[in-house]
$ cat coords14.cif   # mmCIF, C-alpha atoms
data_coords
#
loop_
_atom_site.label_atom_id
_atom_site.label_comp_id
_atom_site.auth_asym_id
_atom_site.auth_seq_id
_atom_site.Cartn_x
_atom_site.Cartn_y
_atom_site.Cartn_z
CA MET A 865 87.29 88.11 103.06
CA SER A 866 88.11 91.77 103.35
CA ARG A 867 86.56 94.07 100.83
CA PRO A 868 89.34 95.23 98.50
CA PHE A 869 89.69 98.96 98.35
CA LEU A 870 91.81 100.02 95.42
CA LEU A 871 90.04 98.18 92.65
CA ALA A 872 86.60 98.34 94.21
CA ALA A 873 85.39 100.96 91.76
CA LEU A 874 86.77 98.91 88.89
CA ALA A 875 85.03 95.85 90.23
CA GLU A 876 81.64 97.42 89.73
CA PHE A 877 82.34 98.05 86.08
CA ASP A 878 84.05 94.79 85.33
CA ARG A 879 81.80 92.66 87.51
CA LEU A 880 84.82 91.19 89.19
CA ASP A 881 84.02 89.63 92.49
CA GLY A 882 86.15 90.16 95.57
CA GLY A 883 88.37 87.19 94.95
CA GLU A 884 89.33 88.29 91.46
CA VAL A 885 90.19 91.78 92.68
CA LEU A 886 92.35 90.21 95.35
CA VAL A 887 94.12 88.20 92.66
CA ALA A 888 94.70 91.41 90.70
CA GLN A 889 96.14 93.06 93.78
CA ASN A 890 98.45 90.14 94.40
CA ILE A 891 99.65 90.17 90.79
CA ALA A 892 100.32 93.90 91.05
CA PHE A 893 102.21 93.33 94.27
CA ALA A 894 104.30 90.55 92.74
CA VAL A 895 105.26 92.66 89.72
CA VAL A 896 106.17 95.67 91.86
CA ALA A 897 108.04 93.56 94.41
CA VAL A 898 110.18 91.73 91.84
CA THR A 899 110.97 95.01 90.07
CA MET A 900 111.96 96.64 93.35
CA LEU A 901 114.17 93.77 94.48
CA VAL A 902 115.99 93.48 91.17
CA SER A 903 116.51 97.24 91.00
CA ALA A 904 117.72 97.40 94.60
CA VAL A 905 120.26 94.63 93.99
CA ARG A 906 121.43 96.31 90.81
CA MET A 907 121.68 99.61 92.67
CA VAL A 908 124.11 98.34 95.29
CA THR A 909 126.15 96.29 92.81
CA THR A 910 126.39 98.46 89.69
CA ARG A 911 129.67 100.19 89.00
CA ASN A 912 128.22 103.30 87.42
CA VAL A 913 127.03 105.73 90.08
CA VAL A 914 124.55 107.48 87.78
CA HIS A 915 122.96 104.13 86.96
CA ALA A 916 122.68 103.48 90.69
CA ALA A 917 120.72 106.72 91.08
CA LEU A 918 118.38 105.69 88.27
CA TYR A 919 117.85 102.26 89.84
CA LEU A 920 117.04 104.10 93.06
CA VAL A 921 114.29 105.92 91.16
CA ILE A 922 112.74 102.57 90.21
CA VAL A 923 112.85 101.35 93.82
CA LEU A 924 111.26 104.58 95.09
CA ALA A 925 108.54 104.46 92.44
CA GLY A 926 107.82 100.85 93.39
CA ALA A 927 107.49 101.91 97.02
CA ALA A 928 105.01 104.60 95.96
CA GLY A 929 103.04 101.94 94.10
CA LEU A 930 102.99 99.77 97.22
CA PHE A 931 101.71 102.70 99.29
CA ILE A 932 98.84 103.21 96.85
CA LEU A 933 98.18 99.45 96.87
CA LEU A 934 97.91 99.70 100.65
CA GLY A 935 95.42 102.53 100.39
CA ALA A 936 97.78 105.27 101.56
CA GLU A 937 97.27 107.66 98.67
CA PHE A 938 98.70 110.77 100.26
CA VAL A 939 101.86 108.99 101.35
CA GLY A 940 102.30 107.58 97.85
CA VAL A 941 101.98 110.98 96.22
CA THR A 942 104.32 112.51 98.80
CA GLN A 943 106.80 109.75 98.08
CA VAL A 944 106.80 110.64 94.39
CA LEU A 945 107.02 114.38 95.02
CA VAL A 946 109.68 114.39 97.72
CA TYR A 947 111.78 111.35 96.91
CA ILE A 948 111.70 111.07 93.14
CA GLY A 949 111.20 114.78 92.59
CA ALA A 950 113.64 116.26 95.05
CA ILE A 951 115.97 113.75 96.69
CA VAL A 952 116.99 111.94 93.51
CA VAL A 953 117.74 115.27 91.83
CA LEU A 954 119.87 116.16 94.85
CA PHE A 955 121.70 112.84 94.47
CA LEU A 956 122.32 113.47 90.79
CA PHE A 957 123.74 116.89 91.63
CA GLY A 958 125.95 115.31 94.26
CA ILE A 959 127.18 112.72 91.75
CA MET A 960 127.92 115.34 89.11
CA LEU A 961 129.70 117.68 91.53
CA THR A 962 131.98 114.87 92.71
CA LYS A 963 132.41 113.28 89.28
CA GLY A 964 135.93 112.35 88.34
CA SER A 965 136.90 111.66 91.92
CA PHE A 966 135.82 108.09 91.63
CA GLY A 967 134.90 107.26 88.09
CA ASP A 968 133.48 103.82 88.63
CA ASP A 969 133.38 102.19 92.00
CA ASP A 970 135.15 99.00 91.04
CA GLY A 971 137.81 98.79 93.71
CA VAL A 972 135.68 97.06 96.31
CA GLU A 973 137.74 94.48 98.09
CA GLY A 974 136.44 90.95 98.02
CA GLU A 975 136.69 90.48 101.77
CA GLN A 976 134.72 93.62 102.56
CA ARG A 977 132.07 92.65 100.06
CA LEU A 978 131.86 89.13 101.48
CA MET A 979 131.45 90.39 105.03
CA ALA A 980 128.83 92.90 103.94
CA GLY A 981 126.92 90.17 102.13
CA LEU A 982 127.14 87.98 105.21
CA VAL A 983 125.77 90.75 107.45
CA GLY A 984 122.97 91.49 104.97
CA ALA A 985 122.01 87.81 104.74
CA LEU A 986 122.01 87.53 108.54
CA VAL A 987 119.77 90.60 108.87
CA LEU A 988 117.38 89.13 106.31
CA CYS A 989 117.33 85.70 107.99
CA VAL A 990 116.74 87.04 111.49
CA THR A 991 114.04 89.58 110.57
CA GLY A 992 112.42 87.22 108.07
CA GLY A 993 112.29 84.38 110.57
CA ALA A 994 110.84 86.62 113.23
CA LEU A 995 108.22 88.02 110.83
CA ILE A 996 107.11 84.61 109.58
CA ASP A 997 106.96 83.38 113.15
CA THR A 998 104.91 86.35 114.35
CA PHE A 999 102.66 87.34 111.46
CA GLY A 1000 102.30 83.97 109.78
CA GLY A 1001 98.73 84.20 108.54
CA ALA A 1002 97.81 87.80 109.28
CA GLU A 1003 95.62 89.29 106.54
CA LEU A 1004 95.31 92.95 105.73
CA SER A 1005 91.89 94.07 106.87
CA ARG A 1006 91.44 97.69 105.89
CA ALA A 1007 88.24 98.09 103.95
CA GLU A 1008 88.86 101.37 102.15
CA PRO A 1009 91.67 103.79 101.37
CA SER A 1010 92.59 106.26 104.06
CA LEU A 1011 91.39 109.79 103.44
CA THR A 1012 93.90 112.60 103.13
CA ALA A 1013 91.66 114.78 105.28
CA ASP A 1014 91.88 112.26 108.10
CA VAL A 1015 95.66 112.15 107.81
CA SER A 1016 95.87 115.93 108.00
CA ASP A 1017 93.46 116.01 110.93
CA MET A 1018 95.72 113.61 112.76
CA ILE A 1019 98.90 115.55 111.95
CA PHE A 1020 97.43 118.86 113.07
CA SER A 1021 95.80 117.59 116.23
CA GLN A 1022 97.42 114.60 117.84
CA TYR A 1023 100.86 114.95 116.26
CA ILE A 1024 101.16 118.73 116.20
CA VAL A 1025 104.23 118.78 118.47
CA PRO A 1026 106.28 116.33 116.33
CA PHE A 1027 105.12 118.25 113.27
CA GLU A 1028 106.49 121.52 114.64
CA ALA A 1029 109.68 119.73 115.68
CA VAL A 1030 110.12 118.44 112.13
CA SER A 1031 109.63 121.98 110.84
CA VAL A 1032 112.40 123.26 113.08
CA LEU A 1033 114.57 120.28 112.13
CA LEU A 1034 114.16 121.07 108.43
CA LEU A 1035 115.17 124.67 109.08
CA ALA A 1036 118.20 123.50 111.07
CA ALA A 1037 119.17 121.08 108.28
CA LEU A 1038 118.80 123.85 105.70
CA ILE A 1039 121.06 126.22 107.60
CA GLY A 1040 123.46 123.41 108.48
CA ALA A 1041 123.80 122.27 104.86
CA VAL A 1042 124.48 125.84 103.72
CA VAL A 1043 127.07 126.37 106.44
CA VAL A 1044 128.81 123.04 105.82
CA ALA A 1045 128.96 123.35 102.04
CA ARG A 1046 129.82 127.06 101.96
CA LYS A 1047 133.08 127.91 100.30
CA ASP A 1048 135.48 129.74 102.60
CA MET B 448 96.75 90.25 100.70
CA PHE B 449 98.80 89.05 103.58
CA LEU B 450 100.63 91.41 105.89
CA ASN B 451 103.75 89.30 105.64
CA GLN B 452 104.33 89.82 101.94
CA PHE B 453 104.91 93.51 102.57
CA LEU B 454 106.98 92.91 105.68
CA LEU B 455 109.24 90.36 104.00
CA LEU B 456 109.76 92.58 100.97
CA SER B 457 110.71 95.41 103.26
CA ALA B 458 113.07 93.13 105.21
CA ALA B 459 114.77 92.15 101.93
CA LEU B 460 115.12 95.80 100.91
CA PHE B 461 116.53 96.59 104.35
CA ALA B 462 119.12 93.81 104.02
CA ILE B 463 120.11 95.03 100.55
CA GLY B 464 120.50 98.53 101.95
CA VAL B 465 122.69 97.24 104.77
CA TYR B 466 124.84 95.47 102.21
CA GLY B 467 125.14 98.68 100.22
CA VAL B 468 126.17 100.73 103.24
CA LEU B 469 128.84 98.19 104.22
CA ALA B 470 130.18 97.16 100.81
CA ARG B 471 130.30 100.38 98.80
CA ARG B 472 133.01 102.95 99.28
CA ASN B 473 131.53 105.82 97.31
CA GLY B 474 130.05 108.34 99.75
CA VAL B 475 127.08 109.19 97.55
CA LEU B 476 126.25 105.50 97.09
CA VAL B 477 126.32 104.96 100.84
CA LEU B 478 123.80 107.78 101.25
CA MET B 479 121.62 106.19 98.55
CA SER B 480 121.75 102.86 100.41
CA ILE B 481 120.60 104.66 103.56
CA GLU B 482 117.62 105.94 101.56
CA LEU B 483 116.88 102.32 100.63
CA ILE B 484 116.84 101.40 104.33
CA LEU B 485 114.54 104.29 105.18
CA ASN B 486 112.20 103.23 102.40
CA ALA B 487 112.04 99.71 103.78
CA VAL B 488 111.01 101.23 107.11
CA ASN B 489 108.35 103.32 105.37
CA ILE B 490 106.83 100.27 103.70
CA ASN B 491 106.73 98.57 107.09
CA LEU B 492 104.97 101.53 108.69
CA VAL B 493 102.33 101.84 105.98
CA ALA B 494 101.71 98.09 105.96
CA PHE B 495 101.14 98.11 109.72
CA ALA B 496 98.88 101.15 109.34
CA ALA B 497 96.76 99.20 106.87
CA PHE B 498 96.87 96.13 109.11
CA GLY B 499 95.78 97.92 112.27
CA ASN B 500 93.27 100.28 110.60
CA SER B 501 95.17 103.18 112.07
CA LEU B 502 96.55 106.33 110.52
CA ALA B 503 99.47 106.72 112.91
CA GLY B 504 101.74 104.68 110.66
CA GLU B 505 101.02 106.90 107.67
CA VAL B 506 101.66 110.04 109.72
CA PHE B 507 104.99 108.65 110.88
CA THR B 508 105.87 107.73 107.30
CA LEU B 509 105.41 111.38 106.38
CA PHE B 510 107.71 112.36 109.23
CA VAL B 511 110.30 109.83 108.07
CA ILE B 512 110.14 111.21 104.52
CA ALA B 513 110.68 114.76 105.81
CA ILE B 514 113.60 113.72 107.99
CA ALA B 515 115.13 111.70 105.14
CA ALA B 516 115.07 114.83 102.99
CA ALA B 517 116.89 116.77 105.71
CA GLU B 518 119.38 113.94 106.16
CA VAL B 519 120.19 113.81 102.45
CA GLY B 520 120.74 117.57 102.37
CA VAL B 521 123.21 117.56 105.24
CA GLY B 522 124.85 114.30 104.11
CA LEU B 523 125.47 115.53 100.59
CA ALA B 524 126.84 118.79 101.95
CA MET B 525 129.31 116.75 103.99
CA VAL B 526 130.25 114.66 100.96
CA LEU B 527 130.86 117.84 98.95
CA LEU B 528 133.03 119.20 101.76
CA LEU B 529 134.93 115.92 101.78
CA TYR B 530 135.44 116.18 98.04
CA ARG B 531 136.70 119.75 98.34
CA ASN B 532 139.19 118.90 101.06
CA ALA B 533 140.39 115.43 100.08
CA ARG B 534 139.66 115.49 96.32
CA ASN B 535 137.91 112.14 96.52
CA ILE B 536 134.88 110.60 98.17
CA ASP B 537 136.34 107.13 98.72
CA LEU B 538 135.29 106.42 102.27
CA SER B 539 138.03 103.84 102.80
CA ARG B 540 140.65 106.49 102.13
CA ILE B 541 139.22 108.90 104.69
CA ASP B 542 141.27 107.68 107.65
CA LEU B 543 142.30 110.92 109.32
CA MET B 544 140.88 109.83 112.67
CA ARG B 545 141.92 106.20 112.52
CA GLY B 546 143.73 105.19 115.69
#
$ encode --input "coords14.cif" --output "structure tokens"
Amino acid sequence: MSRPFLLAALAEFDRLDGGEVLVAQNIAFAVVAVTMLVSAVRMVTTRNVVHAALYLVIVLAGAAGLFILLGAEFVGVTQVLVYIGAIVVLFLFGIMLTKGSFGDDDGVEGEQRLMAGLVGALVLCVTGGALIDTFGGAELSRAEPSLTADVSDMIFSQYIVPFEAVSVLLLAALIGAVVVARKD
Amino acid sequence: MFLNQFLLLSAALFAIGVYGVLARRNGVLVLMSIELILNAVNINLVAFAAFGNSLAGEVFTLFVIAIAAAEVGVGLAMVLLLYRNARNIDLSRIDLMRG
């Protein structure tokens, strides 16, 4: 059995053995997963757009929790900072600036909604079937959380070219957004 | 923990995001559904990073987060432009280029 990483420190205090820590991890996963799924469904079905943004916050926070559960601390913190801190605020601004144009999004035709549900169900069935078929009993094996220093070493050595490309892309998006949204 | 529990959760989130993109007509909500899809991809990448004891997945997740931020900026600018020109952001009523 793989040595659990997140609650390993706790295990030494609580005298939990590996199996109990694994149970705790699975319970945490179940709670986060159910919360995320319910919030995601509510997000795409709610009529109030502001509520949808707040449900999106719950989904993003759940994803950050999953990242930490998987030992990717830096990614989890970045998720909170960038997504919940910046992108959701941007969405709320977008909602407020276009408020009154839509009110509540209740005019969705039944046929369109049915077809969309059908496509979503098909996507889930195909990917889910393939995943169960391929990774049926695969267990997560990482023994300890990944270090932020290692992540940064990798970004600034092996992936330096994509990193610079992303920098230029962000600059281009910044200028592009200003040009597109400018008033004249 | 099994690898599959993360992958299946992410597949479900992806499917919900696809539904949101197709079913909703509010431009901002479509962008939010796209964020849901990108997040499903991120969970996949981090889960595979943990599975393969490699950091490449985490690095790519960081790239995806950065590009998602850029995408939201440009997308919301376009939605605002749409609102200024057409006075609504109902995507089913934007049919200027329909054949």
$ axis_aligned_box --input "coords14.cif" --around "segment 487-500 of chain B" --padding-each-side "4 Å" --output "JSON"
{"center_x": 102.7, "center_y": 99.7, "center_z": 108.0, "size_x": 26.8, "size_y": 15.2, "size_z": 16.6}
$ closest_residue --input "coords14.cif" --among "B:Gly474, B:Gly504, B:Gly546, B:Gly520" --to "chain A" --atoms "all atoms listed in the file"
B:Gly520
$ resolve_selection --input "coords14.cif" --expression "the PyMOL selection byres ((chain B and resi 501) around 12)" --output "list in words"
Gly935, Ala936, Ser1005, Arg1006, Ala1007, Glu1008, Pro1009, Ser1010, Leu1011, Asp1014, Val1015 and Met1018 of chain A; Leu492, Val493, Ala494, Phe495, Ala496, Ala497, Phe498, Gly499, Asn500, Leu502, Ala503, Gly504, Glu505, Val506 and Phe507 of chain B
$ resolve_selection --input "coords14.cif" --expression "the PyMOL selection byres ((chain B) within 7 of (chain A))" --output "NGL selection string"
:B and (448-451 or 455-456 or 458-460 or 462-463 or 465-467 or 469-471 or 473 or 475 or 490 or 493-494 or 497-498 or 500 or 502 or 505-506 or 509 or 516-517 or 520-521 or 523-525 or 527-528 or 530 or 534-536)
$ atom_distance --input "coords14.cif" --atom1 "atom CA of Ala513 of chain B" --atom2 "atom CA of Asp1017 of chain A"
18.0 Å
$ atom_distance --input "coords14.cif" --atom1 "atom CA of Glu482 of chain B" --atom2 "atom CA of Asp997 of chain A"
27.5 Å
$ atom_distance --input "coords14.cif" --atom1 "atom CA of Ala487 of chain B" --atom2 "atom CA of Leu454 of chain B"
8.7 Å
$ decode --input "coords14.cif" --residues "segment 905-1035 of chain A" --atoms "C-alpha atoms" --output "tab-separated table (two decimals), in the first residue's frame"
chain	number	residue	atom	x	y	z
A	905	VAL	CA	-25.12	20.84	-12.11
A	906	ARG	CA	-26.69	23.77	-10.29
A	907	MET	CA	-24.36	26.13	-12.13
A	908	VAL	CA	-25.47	25.08	-15.60
A	909	THR	CA	-29.16	24.85	-14.66
A	910	THR	CA	-29.77	27.84	-12.38
A	911	ARG	CA	-31.65	30.79	-13.82
A	912	ASN	CA	-29.83	33.47	-11.86
A	913	VAL	CA	-26.50	34.28	-13.48
A	914	VAL	CA	-24.95	35.63	-10.27
A	915	HIS	CA	-25.83	32.39	-8.49
A	916	ALA	CA	-24.14	30.51	-11.33
A	917	ALA	CA	-20.94	32.48	-10.69
A	918	LEU	CA	-21.11	31.63	-6.99
A	919	TYR	CA	-21.64	27.94	-7.77
A	920	LEU	CA	-18.60	28.19	-10.02
A	921	VAL	CA	-16.63	29.37	-6.98
A	922	ILE	CA	-17.61	26.19	-5.12
A	923	VAL	CA	-16.54	24.00	-8.04
A	924	LEU	CA	-13.19	25.81	-8.34
A	925	ALA	CA	-12.56	25.56	-4.60
A	926	GLY	CA	-13.34	21.84	-4.76
A	927	ALA	CA	-10.83	21.46	-7.58
A	928	ALA	CA	-8.22	23.23	-5.43
A	929	GLY	CA	-9.00	20.78	-2.63
A	930	LEU	CA	-8.51	17.87	-5.01
A	931	PHE	CA	-5.15	19.27	-6.11
A	932	ILE	CA	-4.00	19.44	-2.50
A	933	LEU	CA	-5.35	15.92	-1.92
A	934	LEU	CA	-3.20	14.81	-4.85
A	935	GLY	CA	-0.13	16.44	-3.36
A	936	ALA	CA	0.06	19.31	-5.83
A	937	GLU	CA	0.20	22.14	-3.32
A	938	PHE	CA	1.46	24.86	-5.61
A	939	VAL	CA	-1.18	24.13	-8.23
A	940	GLY	CA	-3.89	24.20	-5.56
A	941	VAL	CA	-2.77	27.57	-4.24
A	942	THR	CA	-2.48	28.93	-7.77
A	943	GLN	CA	-5.98	27.69	-8.47
A	944	VAL	CA	-7.33	29.66	-5.52
A	945	LEU	CA	-5.35	32.79	-6.38
A	946	VAL	CA	-5.97	32.90	-10.12
A	947	TYR	CA	-9.38	31.30	-10.50
A	948	ILE	CA	-11.28	32.26	-7.38
A	949	GLY	CA	-9.36	35.47	-6.85
A	950	ALA	CA	-9.22	36.87	-10.35
A	951	ILE	CA	-11.34	35.01	-12.89
A	952	VAL	CA	-14.51	34.85	-10.80
A	953	VAL	CA	-14.24	38.58	-10.05
A	954	LEU	CA	-13.89	39.15	-13.78
A	955	PHE	CA	-17.02	37.07	-14.36
A	956	LEU	CA	-18.94	39.04	-11.75
A	957	PHE	CA	-17.89	42.27	-13.45
A	958	GLY	CA	-19.00	40.86	-16.79
A	959	ILE	CA	-22.38	39.88	-15.31
A	960	MET	CA	-22.91	43.28	-13.75
A	961	LEU	CA	-21.88	45.20	-16.88
A	962	THR	CA	-24.34	43.21	-18.99
A	963	LYS	CA	-27.09	43.11	-16.37
A	964	GLY	CA	-30.55	43.91	-17.59
A	965	SER	CA	-29.86	42.50	-21.02
A	966	PHE	CA	-30.96	39.09	-19.96
A	967	GLY	CA	-32.42	39.18	-16.51
A	968	ASP	CA	-32.82	35.48	-15.92
A	969	ASP	CA	-31.91	32.94	-18.52
A	970	ASP	CA	-35.22	31.12	-18.58
A	971	GLY	CA	-35.95	31.06	-22.28
A	972	VAL	CA	-34.00	27.92	-23.06
A	973	GLU	CA	-35.90	25.86	-25.57
A	974	GLY	CA	-36.71	22.33	-24.55
A	975	GLU	CA	-35.32	20.80	-27.72
A	976	GLN	CA	-31.97	22.55	-27.40
A	977	ARG	CA	-31.72	21.53	-23.77
A	978	LEU	CA	-32.61	17.93	-24.61
A	979	MET	CA	-29.98	17.72	-27.33
A	980	ALA	CA	-27.37	19.29	-25.06
A	981	GLY	CA	-28.20	16.79	-22.33
A	982	LEU	CA	-27.94	13.97	-24.84
A	983	VAL	CA	-24.51	15.14	-26.02
A	984	GLY	CA	-23.31	15.55	-22.42
A	985	ALA	CA	-24.53	12.07	-21.47
A	986	LEU	CA	-22.83	10.60	-24.54
A	987	VAL	CA	-19.54	12.33	-23.69
A	988	LEU	CA	-19.77	10.99	-20.15
A	989	CYS	CA	-20.60	7.44	-21.28
A	990	VAL	CA	-17.81	7.25	-23.87
A	991	THR	CA	-15.07	8.77	-21.69
A	992	GLY	CA	-16.25	6.92	-18.59
A	993	GLY	CA	-16.34	3.59	-20.39
A	994	ALA	CA	-12.90	4.14	-21.84
A	995	LEU	CA	-11.48	5.16	-18.45
A	996	ILE	CA	-12.95	2.19	-16.60
A	997	ASP	CA	-11.71	-0.09	-19.34
A	998	THR	CA	-8.19	1.34	-19.30
A	999	PHE	CA	-7.47	2.31	-15.69
A	1000	GLY	CA	-9.67	-0.21	-13.93
A	1001	GLY	CA	-7.57	-0.93	-10.87
A	1002	ALA	CA	-4.78	1.62	-11.14
A	1003	GLU	CA	-3.79	2.99	-7.72
A	1004	LEU	CA	-2.16	6.33	-7.09
A	1005	SER	CA	1.41	5.66	-6.10
A	1006	ARG	CA	3.04	8.96	-5.24
A	1007	ALA	CA	4.63	8.76	-1.83
A	1008	GLU	CA	4.91	12.42	-0.91
A	1009	PRO	CA	3.68	15.83	-2.05
A	1010	SER	CA	5.52	17.44	-4.91
A	1011	LEU	CA	7.82	20.27	-3.90
A	1012	THR	CA	7.22	23.74	-5.26
A	1013	ALA	CA	10.96	24.11	-5.83
A	1014	ASP	CA	10.92	21.08	-8.12
A	1015	VAL	CA	7.98	22.49	-10.07
A	1016	SER	CA	9.77	25.79	-10.55
A	1017	ASP	CA	12.98	24.02	-11.55
A	1018	MET	CA	11.05	22.18	-14.20
A	1019	ILE	CA	9.31	25.30	-15.50
A	1020	PHE	CA	12.53	27.28	-15.74
A	1021	SER	CA	14.62	24.54	-17.30
A	1022	GLN	CA	12.76	22.02	-19.37
A	1023	TYR	CA	9.67	24.11	-20.10
A	1024	ILE	CA	11.27	27.53	-20.45
A	1025	VAL	CA	10.16	27.97	-24.07
A	1026	PRO	CA	6.45	27.30	-23.38
A	1027	PHE	CA	6.75	29.53	-20.33
A	1028	GLU	CA	8.02	32.44	-22.42
A	1029	ALA	CA	5.33	31.72	-25.01
A	1030	VAL	CA	2.66	31.92	-22.31
A	1031	SER	CA	4.13	35.24	-21.17
A	1032	VAL	CA	3.83	36.66	-24.68
A	1033	LEU	CA	0.34	35.17	-24.99
A	1034	LEU	CA	-0.77	36.90	-21.79
A	1035	LEU	CA	0.57	40.20	-23.11
